[in-house]
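Structure below is final_16.cif: mmCIF, C-alpha atoms and all ligand atoms.
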```
data_protein
loop_
_atom_site.label_atom_id
_atom_site.label_comp_id
_atom_site.auth_asym_id
_atom_site.auth_seq_id
_atom_site.Cartn_x
_atom_site.Cartn_y
_atom_site.Cartn_z
CA MET A 1 46.97 17.28 -67.96
CA ASN A 2 48.55 15.35 -70.80
CA SER A 3 47.66 11.99 -69.26
CA ARG A 4 45.73 9.15 -70.88
CA LEU A 5 45.33 7.15 -67.69
CA ILE A 6 41.96 6.37 -66.17
CA LEU A 7 42.07 4.51 -62.88
CA ALA A 8 39.71 1.54 -62.36
CA LEU A 9 39.12 1.66 -58.64
CA ASP A 10 37.68 -1.78 -57.86
CA PHE A 11 40.04 -3.59 -55.50
CA HIS A 12 42.69 -1.87 -53.42
CA LYS A 13 45.34 -2.21 -50.76
CA VAL A 14 45.54 1.44 -49.76
CA GLU A 15 42.34 3.32 -48.82
CA PRO A 16 40.44 4.69 -51.87
CA GLY A 17 40.72 8.32 -50.67
CA GLU A 18 44.47 7.94 -50.25
CA ILE A 19 44.92 6.46 -53.74
CA LEU A 20 42.84 9.27 -55.23
CA SER A 21 44.94 11.92 -53.45
CA GLU A 22 48.16 10.25 -54.58
CA LEU A 23 47.07 10.02 -58.21
CA GLU A 24 45.98 13.64 -58.60
CA GLY A 25 47.84 15.04 -61.58
CA LEU A 26 48.64 11.56 -62.89
CA ALA A 27 45.26 10.04 -63.77
CA VAL A 28 42.65 12.07 -65.64
CA GLY A 29 39.71 9.98 -64.59
CA VAL A 30 38.40 7.32 -62.26
CA LYS A 31 36.09 4.45 -63.19
CA VAL A 32 34.08 2.82 -60.41
CA GLY A 33 31.54 0.01 -60.47
CA PHE A 34 30.09 -2.81 -58.41
CA PRO A 35 33.21 -3.81 -56.44
CA LEU A 36 33.65 -0.37 -54.85
CA ALA A 37 29.89 0.32 -54.58
CA LEU A 38 29.41 -2.95 -52.71
CA GLU A 39 32.22 -2.00 -50.38
CA VAL A 40 31.50 1.65 -49.61
CA GLY A 41 27.81 1.90 -50.59
CA TRP A 42 26.15 4.50 -52.83
CA GLY A 43 26.74 7.18 -50.19
CA GLY A 44 30.41 6.30 -50.07
CA LEU A 45 30.70 6.60 -53.85
CA ARG A 46 28.95 9.97 -53.85
CA SER A 47 31.29 11.23 -51.15
CA LEU A 48 34.35 10.22 -53.17
CA VAL A 49 33.00 11.94 -56.29
CA ARG A 50 32.31 15.07 -54.24
CA GLU A 51 35.69 14.98 -52.51
CA PHE A 52 37.70 14.65 -55.74
CA PRO A 53 35.85 16.79 -58.28
CA ASP A 54 38.84 17.24 -60.58
CA TYR A 55 38.74 13.67 -61.85
CA TYR A 56 36.54 12.67 -64.79
CA TRP A 57 34.25 10.22 -63.00
CA ILE A 58 32.87 7.21 -64.87
CA ALA A 59 30.04 5.10 -63.40
CA ASP A 60 30.63 1.61 -64.76
CA PHE A 61 27.57 -0.48 -64.09
CA LYS A 62 27.26 -1.54 -67.74
CA LEU A 63 23.58 -0.64 -67.86
CA ALA A 64 21.38 -2.92 -69.96
CA ASP A 65 17.79 -2.23 -68.94
CA ILE A 66 14.71 -0.76 -70.59
CA PRO A 67 15.02 2.90 -71.64
CA ASP A 68 12.92 4.35 -68.77
CA VAL A 69 15.04 2.60 -66.16
CA THR A 70 18.34 3.38 -67.86
CA SER A 71 17.40 7.06 -68.27
CA HIS A 72 16.47 7.28 -64.59
CA VAL A 73 19.76 5.74 -63.48
CA LEU A 74 21.79 7.96 -65.82
CA SER A 75 20.14 11.10 -64.50
CA LYS A 76 20.82 10.04 -60.89
CA PHE A 77 24.48 9.46 -61.73
CA ALA A 78 24.60 12.89 -63.35
CA ASP A 79 23.07 14.46 -60.20
CA TRP A 80 25.69 12.74 -58.08
CA GLY A 81 28.47 14.37 -60.07
CA PHE A 82 29.45 11.56 -62.41
CA ASP A 83 30.70 12.82 -65.76
CA ALA A 84 30.06 9.61 -67.69
CA ALA A 85 28.40 6.22 -67.46
CA ILE A 86 28.93 2.96 -69.32
CA ILE A 87 25.99 1.21 -71.01
CA HIS A 88 25.56 -1.86 -73.17
CA LEU A 89 24.95 -0.87 -76.77
CA PHE A 90 22.79 -3.87 -77.65
CA THR A 91 19.83 -2.34 -75.76
CA GLY A 92 19.60 0.47 -78.30
CA HIS A 93 19.28 3.02 -75.49
CA ARG A 94 19.47 6.54 -76.90
CA ARG A 95 18.17 8.98 -74.28
CA TYR A 96 20.81 10.70 -72.24
CA GLU A 97 21.08 14.20 -70.94
CA GLY A 98 23.65 15.76 -68.70
CA ILE A 99 26.06 12.85 -68.78
CA ASP A 100 28.51 11.40 -71.31
CA VAL A 101 27.59 7.91 -72.39
CA ILE A 102 30.16 5.24 -73.22
CA GLY A 103 29.02 2.02 -74.92
CA VAL A 104 30.61 -1.40 -74.65
CA ALA A 105 31.76 -2.39 -78.15
CA GLY A 106 34.49 -4.91 -77.40
CA MET A 107 35.65 -6.58 -74.22
CA SER A 108 39.10 -7.52 -73.01
CA HIS A 109 38.56 -11.05 -71.70
CA PRO A 110 38.98 -14.15 -73.91
CA GLU A 111 35.49 -15.49 -73.11
CA SER A 112 33.77 -12.45 -74.63
CA HIS A 113 33.29 -14.18 -77.99
CA ILE A 114 29.61 -13.22 -78.37
CA VAL A 115 30.50 -9.54 -77.96
CA ARG A 116 33.51 -10.01 -80.25
CA GLY A 117 31.37 -11.77 -82.89
CA ASN A 118 29.07 -8.75 -82.99
CA PHE A 119 31.79 -6.12 -82.91
CA THR A 120 30.97 -4.50 -86.26
CA LYS A 121 27.27 -4.34 -85.41
CA LEU A 122 28.07 -2.80 -82.03
CA LEU A 123 30.27 -0.17 -83.68
CA ASP A 124 27.43 0.67 -86.09
CA GLN A 125 25.11 0.89 -83.10
CA ALA A 126 27.52 3.23 -81.30
CA TYR A 127 27.52 5.45 -84.39
CA LEU A 128 23.72 5.45 -84.66
CA LEU A 129 23.19 6.11 -80.96
CA LYS A 130 25.79 8.89 -81.04
CA VAL A 131 27.48 7.80 -77.83
CA MET A 132 30.42 9.94 -76.78
CA GLY A 133 32.75 6.98 -76.36
CA ILE A 134 33.17 3.25 -76.62
CA VAL A 135 34.97 0.57 -74.63
CA VAL A 136 37.29 -1.69 -76.62
CA GLY A 137 39.64 -4.05 -74.78
CA ALA A 138 43.34 -3.21 -74.81
CA THR A 139 44.08 -6.91 -75.32
CA ARG A 140 42.53 -6.67 -78.80
CA GLN A 141 44.54 -4.10 -80.66
CA GLU A 142 43.20 -5.07 -84.09
CA MET A 143 39.71 -4.24 -82.76
CA ILE A 144 40.91 -0.84 -81.55
CA ARG A 145 42.33 -0.08 -85.01
CA GLU A 146 39.03 -1.12 -86.61
CA ALA A 147 37.02 1.02 -84.15
CA ARG A 148 39.29 4.02 -84.76
CA LYS A 149 38.74 3.72 -88.51
CA ARG A 150 34.97 3.33 -88.32
CA LEU A 151 34.31 5.87 -85.56
CA PRO A 152 36.86 8.65 -85.92
CA GLU A 153 34.85 10.95 -83.64
CA ALA A 154 34.25 8.64 -80.68
CA LEU A 155 36.62 8.46 -77.74
CA ILE A 156 37.99 4.96 -77.23
CA PHE A 157 38.50 3.73 -73.65
CA SER A 158 40.63 0.59 -73.34
CA PRO A 159 40.73 -1.63 -70.25
CA GLY A 160 42.85 -4.76 -69.92
CA VAL A 161 46.21 -3.09 -69.34
CA GLY A 162 48.59 -4.64 -66.82
CA PHE A 163 46.80 -7.45 -65.00
CA GLN A 164 45.01 -8.71 -68.11
CA GLY A 165 48.11 -8.65 -70.25
CA ALA A 166 48.23 -5.57 -72.47
CA LYS A 167 51.25 -3.31 -71.89
CA PRO A 168 50.71 0.36 -71.06
CA GLY A 169 50.73 2.35 -74.29
CA GLU A 170 49.82 -0.51 -76.64
CA ALA A 171 46.15 0.44 -76.86
CA LEU A 172 47.03 4.12 -77.33
CA LYS A 173 49.37 3.21 -80.15
CA ALA A 174 46.54 1.28 -81.81
CA GLY A 175 44.29 4.36 -81.64
CA ALA A 176 42.67 4.40 -78.19
CA ASP A 177 42.30 7.73 -76.41
CA PHE A 178 42.49 6.47 -72.84
CA GLU A 179 43.73 3.37 -71.07
CA ILE A 180 41.80 2.12 -68.06
CA VAL A 181 44.11 0.54 -65.50
CA GLY A 182 43.05 -1.05 -62.24
CA ARG A 183 44.79 -3.71 -60.20
CA SER A 184 48.35 -3.16 -61.37
CA ILE A 185 48.03 0.24 -59.66
CA THR A 186 45.44 -0.29 -56.93
CA LEU A 187 46.91 -3.53 -55.59
CA SER A 188 50.41 -2.11 -55.51
CA GLU A 189 51.92 -1.10 -52.17
CA ASP A 190 52.94 2.09 -53.96
CA PRO A 191 50.03 3.15 -56.18
CA ARG A 192 51.65 6.46 -57.14
CA GLY A 193 54.89 4.77 -58.21
CA ALA A 194 52.94 2.17 -60.21
CA ALA A 195 50.85 4.89 -61.89
CA GLU A 196 53.99 6.90 -62.71
CA GLN A 197 55.41 3.86 -64.51
CA VAL A 198 52.20 3.40 -66.50
CA VAL A 199 52.09 7.07 -67.49
CA GLU A 200 55.75 7.01 -68.50
CA MET A 201 55.22 3.96 -70.74
CA GLU A 202 52.11 5.57 -72.21
CA ARG A 203 54.02 8.77 -73.02
CA GLU A 204 56.82 6.79 -74.66
CA SER A 205 54.31 4.98 -76.84
CA LEU A 206 52.93 8.15 -78.41
P1 LIG A 301 42.14 -4.31 -64.19
O1 LIG A 301 43.19 -3.34 -64.77
O2 LIG A 301 42.26 -4.47 -62.73
O3 LIG A 301 42.07 -5.59 -64.93
O4 LIG A 301 40.72 -3.60 -64.35
C1 LIG A 301 40.08 -3.43 -65.56
C2 LIG A 301 38.79 -2.69 -65.37
O5 LIG A 301 38.17 -2.50 -66.63
C3 LIG A 301 37.77 -3.39 -64.49
O6 LIG A 301 37.07 -2.38 -63.78
C4 LIG A 301 36.80 -4.05 -65.46
O7 LIG A 301 35.48 -4.07 -64.99
C5 LIG A 301 36.88 -3.12 -66.66
N1 LIG A 301 36.68 -3.77 -67.96
C6 LIG A 301 37.54 -4.74 -68.43
O8 LIG A 301 38.51 -5.11 -67.77
N2 LIG A 301 37.32 -5.27 -69.67
C7 LIG A 301 36.27 -4.91 -70.45
O9 LIG A 301 36.14 -5.41 -71.55
C8 LIG A 301 35.40 -3.93 -69.98
C9 LIG A 301 35.60 -3.36 -68.73
O10 LIG A 301 34.81 -2.43 -68.28
#
```
Output the file's structure in the form of structure tokens.
Amino acid sequence: MNSRLILALDFHKVEPGEILSELEGLAVGVKVGFPLALEVGWGGLRSLVREFPDYYWIADFKLADIPDVTSHVLSKFADWGFDAAIIHLFTGHRRYEGIDVIGVAGMSHPESHIVRGNFTKLLDQAYLLKVMGIVVGATRQEMIREARKRLPEALIFSPGVGFQGAKPGEALKAGADFEIVGRSITLSEDPRGAAEQVVEMERESL
């Protein structure tokens, strides 16, 4: 599709189904987590995944439990049609089948200094655990460059674009593979127009 945009569907003005229809062909994936699950319930999430199978669906509940619990949750998400799930790397979890696993290596918000202080260790952990991808905040481009160097094979997913300050395309330029964008699209009166602008800026940056 030649798009590097993943939609974070947390908060929204327009109905989720409508946004997802409007963004077909513009966003490659959709990331959902607690905000939408608390609103539409697990059944509601499953219905959206079923209704829009062409998106790459990421379950973002930042799992951080014991291996037996995490494995159980991951396999449920896989059954429901999710393509990927986000976990915390510090747990050392390494059992996953049937779903892509993305580990949190760096976060976008300024208060995440404990995560930031352990960034190198988390990257080593991501390498050892052979996760498919890592999250590194778009607001920290030097961390993206470092992650790209150390983990040339992993896909880098960068949130923090728009509302949190990074400009569309900046994380890609630093070496990320995908930018995760939420409120600057989902809280717009015109989500498709907002997404088109993001995609255009991303294309210009490459
Ligand atoms: P927004 O573009 O509305 O700020 O949304 C960013 C999304 O990325 C949210 O779903 C948030 O949970 C997620 N995220 C983040 O912002 N920073 C991180 O470090 C990790 C995240 O998963």
How would you report the residues lying within 7 Å of ligand LIG 301 (chain A), as a list in words, if you count all atoms listed in the file?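 Every residue with an atom at most 7 Å from ligand LIG 301 (chain A) is listed here: Ala8, Leu9, Asp10, Lys31, Val32, Gly33, Asp60, Gly106, Met107, Ser108, His109, Val135, Val136, Gly137, Pro159, Gly160, Val161, Gly162, Phe163, Gln164, Ile180, Val181, Gly182, Arg183 and Ser184 of chain A.
Among the candidate residues A:Phe82, A:Glu24, A:His12, A:Leu7, the one lying nearest to Arg50 of chain A is A:Phe82, with distances computed using only C-alpha atoms.
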Would you mind listing what lies within 9 Å of Gly98 of chain A as a ChimeraX atom specification, with all atoms listed in the file counted and same-chain residues fewer than 5 positions away left out? /A:74-75,78-79,83-84
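The gap separating atom CA of Gln125 of chain A from atom CA of Thr91 of chain A is 9.6 Å, in Å to one decimal.
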Show me the residues around (49.9, 5.0, -76.3) - criterion: an atom at most 9 Å away, only C-alpha atoms counted - as a VMD selection string. chain A and resid 4 168 to 179 201 to 206
Selection above as a file: C-alpha atoms, as a short mmCIF file (atom, residue, chain, number, x, y, z; two decimals), in the coordinates of the input:
```
data_model
loop_
_atom_site.label_atom_id
_atom_site.label_comp_id
_atom_site.auth_asym_id
_atom_site.auth_seq_id
_atom_site.Cartn_x
_atom_site.Cartn_y
_atom_site.Cartn_z
CA ARG A 4 45.73 9.15 -70.88
CA PRO A 168 50.71 0.36 -71.06
CA GLY A 169 50.73 2.35 -74.29
CA GLU A 170 49.82 -0.51 -76.64
CA ALA A 171 46.15 0.44 -76.86
CA LEU A 172 47.03 4.12 -77.33
CA LYS A 173 49.37 3.21 -80.15
CA ALA A 174 46.54 1.28 -81.81
CA GLY A 175 44.29 4.36 -81.64
CA ALA A 176 42.67 4.40 -78.19
CA ASP A 177 42.30 7.73 -76.41
CA PHE A 178 42.49 6.47 -72.84
CA GLU A 179 43.73 3.37 -71.07
CA MET A 201 55.22 3.96 -70.74
CA GLU A 202 52.11 5.57 -72.21
CA ARG A 203 54.02 8.77 -73.02
CA GLU A 204 56.82 6.79 -74.66
CA SER A 205 54.31 4.98 -76.84
CA LEU A 206 52.93 8.15 -78.41
#
```
Which is closest to Val101 of chain A among A:Leu129, A:Ala85, A:Val73, A:Leu151, if we use only C-alpha atoms? A:Ala85
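Those residues that approach Tyr127 of chain A to within 12 Å, counting only C-alpha atoms, are Leu89, Gly92, Arg94, Ile102, Gly103, Ala105, Thr120, Lys121, Leu122, Leu123, Asp124, Lys130, Val131, Met132, Gly133, Ile134, Ala147, Arg148, Arg150, Leu151, Pro152, Glu153, Ala154 and Leu155 of chain A; same-chain residues fewer than 3 positions away are not listed.
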Restricting the calculation to all atoms listed in the file, which member of A:Glu142, A:Asp65, A:Glu111, A:Glu196 is positioned closest to Leu23 of chain A? A:Glu196
Report the distance between atom CA of Gly193 of chain A and atom CA of Ala138 of chain A in Å, rounded to one decimal place.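 These atoms are spaced 21.7 Å apart.
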Quick one: of A:Pro16, A:Gly41, A:Pro110, A:Pro67, who's nearest to Phe90 of chain A, counting all atoms listed in the file? A:Pro67
Report, as lines of an AutoDock Vina configuration file, the axis-aligned box around all atoms of segment 101-117 of chain A present in the file, extended by 5 Å on each side; give centre and edge lengths in Å to one decimal place.
```
center_x = 33.3
center_y = -3.8
center_z = -77.3
size_x = 21.5
size_y = 33.4
size_z = 21.2
```
Compare A:Ile114, A:His88, A:Val199, A:Arg145 by their minimum atom-to-atom distance to Ile185 of chain A, counting all atoms listed in the file, and give me the closest one. A:Val199
Could you please determine the separation between atom CA of Arg192 of chain A and atom CA of Glu22 of chain A in Å, to one decimal place?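 Atom-to-atom, atom CA of Arg192 of chain A to atom CA of Glu22 of chain A, that is 5.8 Å.
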